[in-house]
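Content type CSV, C-alpha atoms and all ligand atoms, from the file upload25.csv:
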chain,number,residue,atom,x,y,z
A,1,MET,CA,27.6,-10.6,4.0
A,2,LEU,CA,26.7,-9.7,7.6
A,3,LYS,CA,27.1,-6.0,6.8
A,4,LYS,CA,24.7,-6.4,3.9
A,5,PHE,CA,22.2,-8.1,6.1
A,6,ILE,CA,22.4,-5.4,8.7
A,7,VAL,CA,21.9,-2.6,6.2
A,8,LEU,CA,19.0,-4.4,4.7
A,9,ALA,CA,17.5,-5.0,8.1
A,10,ALA,CA,18.0,-1.3,9.0
A,11,LEU,CA,16.1,-0.3,5.9
A,12,LEU,CA,13.2,-2.7,6.3
A,13,LEU,CA,12.6,-3.1,10.0
A,14,PRO,CA,12.7,-0.3,12.5
A,15,ALA,CA,10.1,2.1,11.3
A,16,CYS,CA,7.2,-0.2,11.6
A,17,PHE,CA,8.9,-2.7,14.0
A,18,ALA,CA,6.3,-2.1,16.7
A,19,ASN,CA,3.4,-3.0,14.5
A,20,ALA,CA,5.0,-4.8,11.6
A,21,HIS,CA,2.7,-7.2,10.0
A,22,GLU,CA,2.7,-9.1,6.7
A,23,TYR,CA,0.5,-11.5,4.8
A,24,LYS,CA,1.3,-14.3,2.4
A,25,VAL,CA,-0.7,-15.7,-0.4
A,26,GLY,CA,1.0,-18.1,-2.9
A,27,ALA,CA,4.4,-16.6,-3.8
A,28,LEU,CA,3.3,-13.1,-2.7
A,29,GLU,CA,3.9,-11.3,0.5
A,30,VAL,CA,2.0,-8.1,1.4
A,31,ALA,CA,4.1,-6.1,3.9
A,32,HIS,CA,2.8,-3.6,6.4
A,33,PRO,CA,-0.4,-2.3,4.9
A,34,TRP,CA,-1.0,1.1,6.4
A,35,SER,CA,-3.1,4.2,6.0
A,36,GLN,CA,-2.5,7.8,7.2
A,37,GLU,CA,-5.0,9.1,9.7
A,38,LEU,CA,-7.0,11.9,8.0
A,39,PRO,CA,-9.5,14.5,9.2
A,40,PRO,CA,-12.8,12.9,10.0
A,41,ASN,CA,-14.5,14.6,7.0
A,42,ALA,CA,-11.9,13.4,4.4
A,43,PRO,CA,-13.9,12.1,1.4
A,44,THR,CA,-11.4,9.4,0.6
A,45,VAL,CA,-8.7,7.3,2.3
A,46,ALA,CA,-5.6,5.8,0.7
A,47,ALA,CA,-4.0,2.5,1.6
A,48,TYR,CA,-0.3,1.6,1.1
A,49,PHE,CA,1.8,-1.6,1.3
A,50,ILE,CA,4.6,-3.4,-0.4
A,51,ILE,CA,4.1,-6.5,-2.4
A,52,HIS,CA,7.0,-8.9,-2.9
A,53,ASN,CA,6.8,-11.7,-5.4
A,54,SER,CA,9.2,-14.5,-4.5
A,55,GLY,CA,7.9,-16.7,-7.3
A,56,ASN,CA,9.3,-17.0,-10.8
A,57,SER,CA,6.3,-15.9,-12.7
A,58,ALA,CA,4.6,-12.6,-12.7
A,59,ASP,CA,1.3,-11.9,-11.1
A,60,ARG,CA,-1.2,-9.1,-11.2
A,61,LEU,CA,-3.2,-7.2,-8.7
A,62,LEU,CA,-6.6,-7.0,-10.3
A,63,SER,CA,-8.8,-5.3,-7.7
A,64,VAL,CA,-9.2,-4.5,-4.0
A,65,ASP,CA,-12.2,-4.1,-1.7
A,66,SER,CA,-12.9,-3.3,1.8
A,67,PRO,CA,-16.1,-3.4,4.0
A,68,ILE,CA,-15.4,0.2,5.1
A,69,SER,CA,-15.9,1.6,1.7
A,70,GLY,CA,-18.4,1.3,-1.2
A,71,GLU,CA,-15.5,1.1,-3.7
A,72,ALA,CA,-11.8,0.7,-3.7
A,73,GLN,CA,-9.8,1.9,-6.8
A,74,LEU,CA,-6.2,1.2,-7.9
A,75,HIS,CA,-4.5,4.5,-8.5
A,76,GLU,CA,-1.2,5.7,-9.8
A,77,HIS,CA,0.5,9.1,-9.8
A,78,VAL,CA,1.6,10.6,-13.0
A,79,MET,CA,3.2,13.8,-14.1
A,80,LYS,CA,0.9,15.8,-16.3
A,81,ASN,CA,1.8,19.4,-17.4
A,82,ASP,CA,4.1,19.7,-14.5
A,83,LEU,CA,1.4,18.6,-12.1
A,84,MET,CA,1.3,15.4,-10.1
A,85,LYS,CA,-2.1,13.8,-10.7
A,86,MET,CA,-3.5,10.5,-9.7
A,87,GLN,CA,-5.5,8.3,-12.0
A,88,PRO,CA,-7.1,4.9,-11.9
A,89,VAL,CA,-5.3,1.9,-13.4
A,90,PRO,CA,-7.1,-1.3,-14.3
A,91,SER,CA,-4.5,-3.5,-12.6
A,92,VAL,CA,-0.9,-3.6,-11.3
A,93,ASP,CA,1.7,-6.0,-12.6
A,94,ILE,CA,3.8,-7.7,-9.9
A,95,PRO,CA,7.0,-8.9,-11.7
A,96,ALA,CA,8.6,-12.2,-10.8
A,97,GLY,CA,11.1,-11.8,-8.0
A,98,GLY,CA,10.2,-8.1,-7.7
A,99,ASN,CA,8.7,-5.6,-5.3
A,100,VAL,CA,5.9,-3.2,-6.0
A,101,THR,CA,5.5,-0.4,-3.6
A,102,PHE,CA,2.2,1.3,-2.9
A,103,ALA,CA,3.1,4.6,-1.2
A,104,PRO,CA,2.2,8.2,-1.2
A,105,MET,CA,3.0,9.7,-4.6
A,106,ALA,CA,3.1,6.2,-6.2
A,107,TYR,CA,0.6,3.4,-6.6
A,108,HIS,CA,-2.0,3.4,-3.9
A,109,VAL,CA,-5.5,2.0,-3.1
A,110,MET,CA,-8.1,4.7,-3.0
A,111,LEU,CA,-11.1,4.0,-0.8
A,112,VAL,CA,-14.1,6.0,-1.9
A,113,ASN,CA,-17.7,6.2,-0.7
A,114,LEU,CA,-16.6,5.6,2.9
A,115,LYS,CA,-19.3,3.7,4.8
A,116,ASP,CA,-17.6,3.2,8.2
A,117,ARG,CA,-15.1,5.7,9.6
A,118,SER,CA,-14.9,4.1,13.1
A,119,LEU,CA,-11.6,2.3,12.2
A,120,LEU,CA,-9.9,5.2,10.6
A,121,THR,CA,-8.1,6.6,13.6
A,122,ASP,CA,-4.5,6.2,14.7
A,123,GLY,CA,-3.8,2.8,16.2
A,124,LYS,CA,-6.8,1.0,14.6
A,125,ARG,CA,-6.9,-1.4,11.7
A,126,PHE,CA,-9.4,-2.1,9.0
A,127,PRO,CA,-9.8,-5.1,6.7
A,128,MET,CA,-9.0,-5.0,3.0
A,129,THR,CA,-9.0,-7.8,0.5
A,130,LEU,CA,-6.6,-7.9,-2.4
A,131,HIS,CA,-7.5,-10.0,-5.5
A,132,PHE,CA,-4.5,-11.4,-7.5
A,133,GLU,CA,-4.8,-13.0,-10.9
A,134,LYS,CA,-2.8,-16.1,-9.9
A,135,ALA,CA,-2.2,-16.1,-6.2
A,136,GLY,CA,-5.9,-15.5,-5.5
A,137,ASP,CA,-7.3,-13.4,-2.6
A,138,VAL,CA,-5.8,-12.3,0.6
A,139,THR,CA,-7.4,-10.2,3.3
A,140,VAL,CA,-5.0,-7.9,5.2
A,141,GLU,CA,-5.5,-5.5,8.1
A,142,VAL,CA,-4.5,-2.0,7.2
A,143,ALA,CA,-2.9,-0.2,10.2
A,144,VAL,CA,-4.1,3.4,10.5
A,145,GLN,CA,-1.3,5.7,11.8
A,146,LYS,CA,-0.6,9.4,12.2
A,147,LYS,CA,2.8,9.3,10.6
A,148,ALA,CA,4.1,7.4,7.6
A,149,PRO,CA,6.5,4.6,8.4
A,150,ASP,CA,10.1,5.9,8.0
A,151,SER,CA,10.8,3.0,5.6
A,152,MET,CA,8.4,4.4,3.1
A,153,PRO,CA,10.0,6.0,0.1
A,154,GLN,CA,9.3,9.7,0.2
A,155,HIS,CA,8.4,11.7,-2.9
A,156,VAL,CA,11.7,12.2,-4.9
A,157,HIS,CA,11.9,15.2,-7.2
A,158,ALA,CA,13.3,14.3,-10.5
A,159,GLN,CA,16.0,16.7,-11.7
B,1,CU,CU,-5.8,8.2,-5.5
Take the structure I supplied and represent it as structure tokens, if you would.
Ligand SMILES: [Cu+2]
Amino acid sequence: MLKKFIVLAALLLPACFANAHEYKVGALEVAHPWSQELPPNAPTVAAYFIIHNSGNSADRLLSVDSPISGEAQLHEHVMKNDLMKMQPVPSVDIPAGGNVTFAPMAYHVMLVNLKDRSLLTDGKRFPMTLHFEKAGDVTVEVAVQKKAPDSMPQHVHAQ
């Protein structure tokens, strides 16, 4: 029991311990929203987080917006002709009792038509609002950092 807890804690905590932050809305938790610092001329910026649904009914992430960009799209990565490509999805299901990870090479939020780049440097945070079908809206602060948190799943090559 204790060992299990320690292993779990080791997986979840240390990487973003210094600036861990999470948000609750209804039965949902949005853990450590973050974005990778990009060159100042990057046309788009991606945002990542983990959503945990502690409730016993499924929910759905319908859309996202942020004051720093004209538009925010929900994207997924898919394999097409041996190439990883990203494409917009209309919404993302959040299963009851489950986690959905937004991470590099997975689901992510793509901020396009950037209007304000002043908060897109390492150590800063920018606001972003997630709209859920049942839980409603929650505004989170996306931490901009140079390095991905170690707890983030890296891209795994399928055999
Ligand atoms: Cu994308």
Report task. Check which residues fall inside 7 Å of ligand CU 1 (chain B) when counting all atoms listed in the file, and print them as a ChimeraX atom specification. Result -> /A:46,75-76,86-87,108-110
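Using all atoms listed in the file, the shortest contact distance between Val112 in chain A and any of A:Glu22, A:Asp59, A:Glu29, A:Asp65 is found at A:Asp65.
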Query - Best match for closeness to Leu28 in chain A among A:Asp150, A:Asp82, A:Glu133, A:Glu141, counting only C-alpha atoms - result: A:Glu133
**Report entry** Among listed residues A:Leu83, A:Ala103, A:Val142, A:Ala42, nearest Leu130 in chain A (using all atoms listed in the file)
**Finding:** A:Val142
Query raised in the report: In terms of the shortest atom-to-atom distance over only C-alpha atoms, which of A:Gln73, A:Thr101, A:Gln145, A:Asn41 is closest to Thr121 in chain A?
Result: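 Under the stated criterion, the closest residue is A:Gln145.
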Can you list, as a JSON list (two decimals) with C-alpha atoms, in the frame of the given file, every protein, DNA or RNA residue that comes within 12 Å of Phe126 in chain A when you count only C-alpha atoms, leaving out same-chain residues fewer than 6 positions away?
[["chain", "number", "residue", "atom", "x", "y", "z"],
["A", 33, "PRO", "CA", -0.40, -2.30, 4.90],
["A", 34, "TRP", "CA", -1.00, 1.10, 6.40],
["A", 35, "SER", "CA", -3.10, 4.20, 6.00],
["A", 45, "VAL", "CA", -8.70, 7.30, 2.30],
["A", 47, "ALA", "CA", -4.00, 2.50, 1.60],
["A", 65, "ASP", "CA", -12.20, -4.10, -1.70],
["A", 66, "SER", "CA", -12.90, -3.30, 1.80],
["A", 67, "PRO", "CA", -16.10, -3.40, 4.00],
["A", 68, "ILE", "CA", -15.40, 0.20, 5.10],
["A", 69, "SER", "CA", -15.90, 1.60, 1.70],
["A", 111, "LEU", "CA", -11.10, 4.00, -0.80],
["A", 116, "ASP", "CA", -17.60, 3.20, 8.20],
["A", 117, "ARG", "CA", -15.10, 5.70, 9.60],
["A", 118, "SER", "CA", -14.90, 4.10, 13.10],
["A", 119, "LEU", "CA", -11.60, 2.30, 12.20],
["A", 120, "LEU", "CA", -9.90, 5.20, 10.60],
["A", 139, "THR", "CA", -7.40, -10.20, 3.30],
["A", 140, "VAL", "CA", -5.00, -7.90, 5.20],
["A", 141, "GLU", "CA", -5.50, -5.50, 8.10],
["A", 142, "VAL", "CA", -4.50, -2.00, 7.20],
["A", 143, "ALA", "CA", -2.90, -0.20, 10.20],
["A", 144, "VAL", "CA", -4.10, 3.40, 10.50],
["A", 145, "GLN", "CA", -1.30, 5.70, 11.80]]
Query raised in the report: Using only C-alpha atoms, which of the listed residues (A:Gly123, A:Pro43, A:Gly26, A:His131) sits closest to Gly70 in chain A?
Result: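 Closest to Gly70 in chain A, using only C-alpha atoms: A:Pro43.
If you measure from each of A:Arg60, A:Lys24, A:Lys147, A:Lys124 to Pro90 in chain A using all atoms listed in the file, the closest one turns out to be A:Arg60.
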Query - Computed interatomic separation between CA of Phe132 in chain A and CA of Leu62 in chain A (Å) - result: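 CA of Leu62 in chain A lies at a distance of 5.6 Å from CA of Phe132 in chain A.
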Query raised in the report: What does the distance between CA of Val25 in chain A and CA of Gly136 in chain A come to in Å, to one decimal place?
Result: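 Those two atoms sit 7.3 Å apart.
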Query raised in the report: Quick one, how far is CA of Glu71 in chain A from CA of Gly98 in chain A?
Result: 27.6 Å
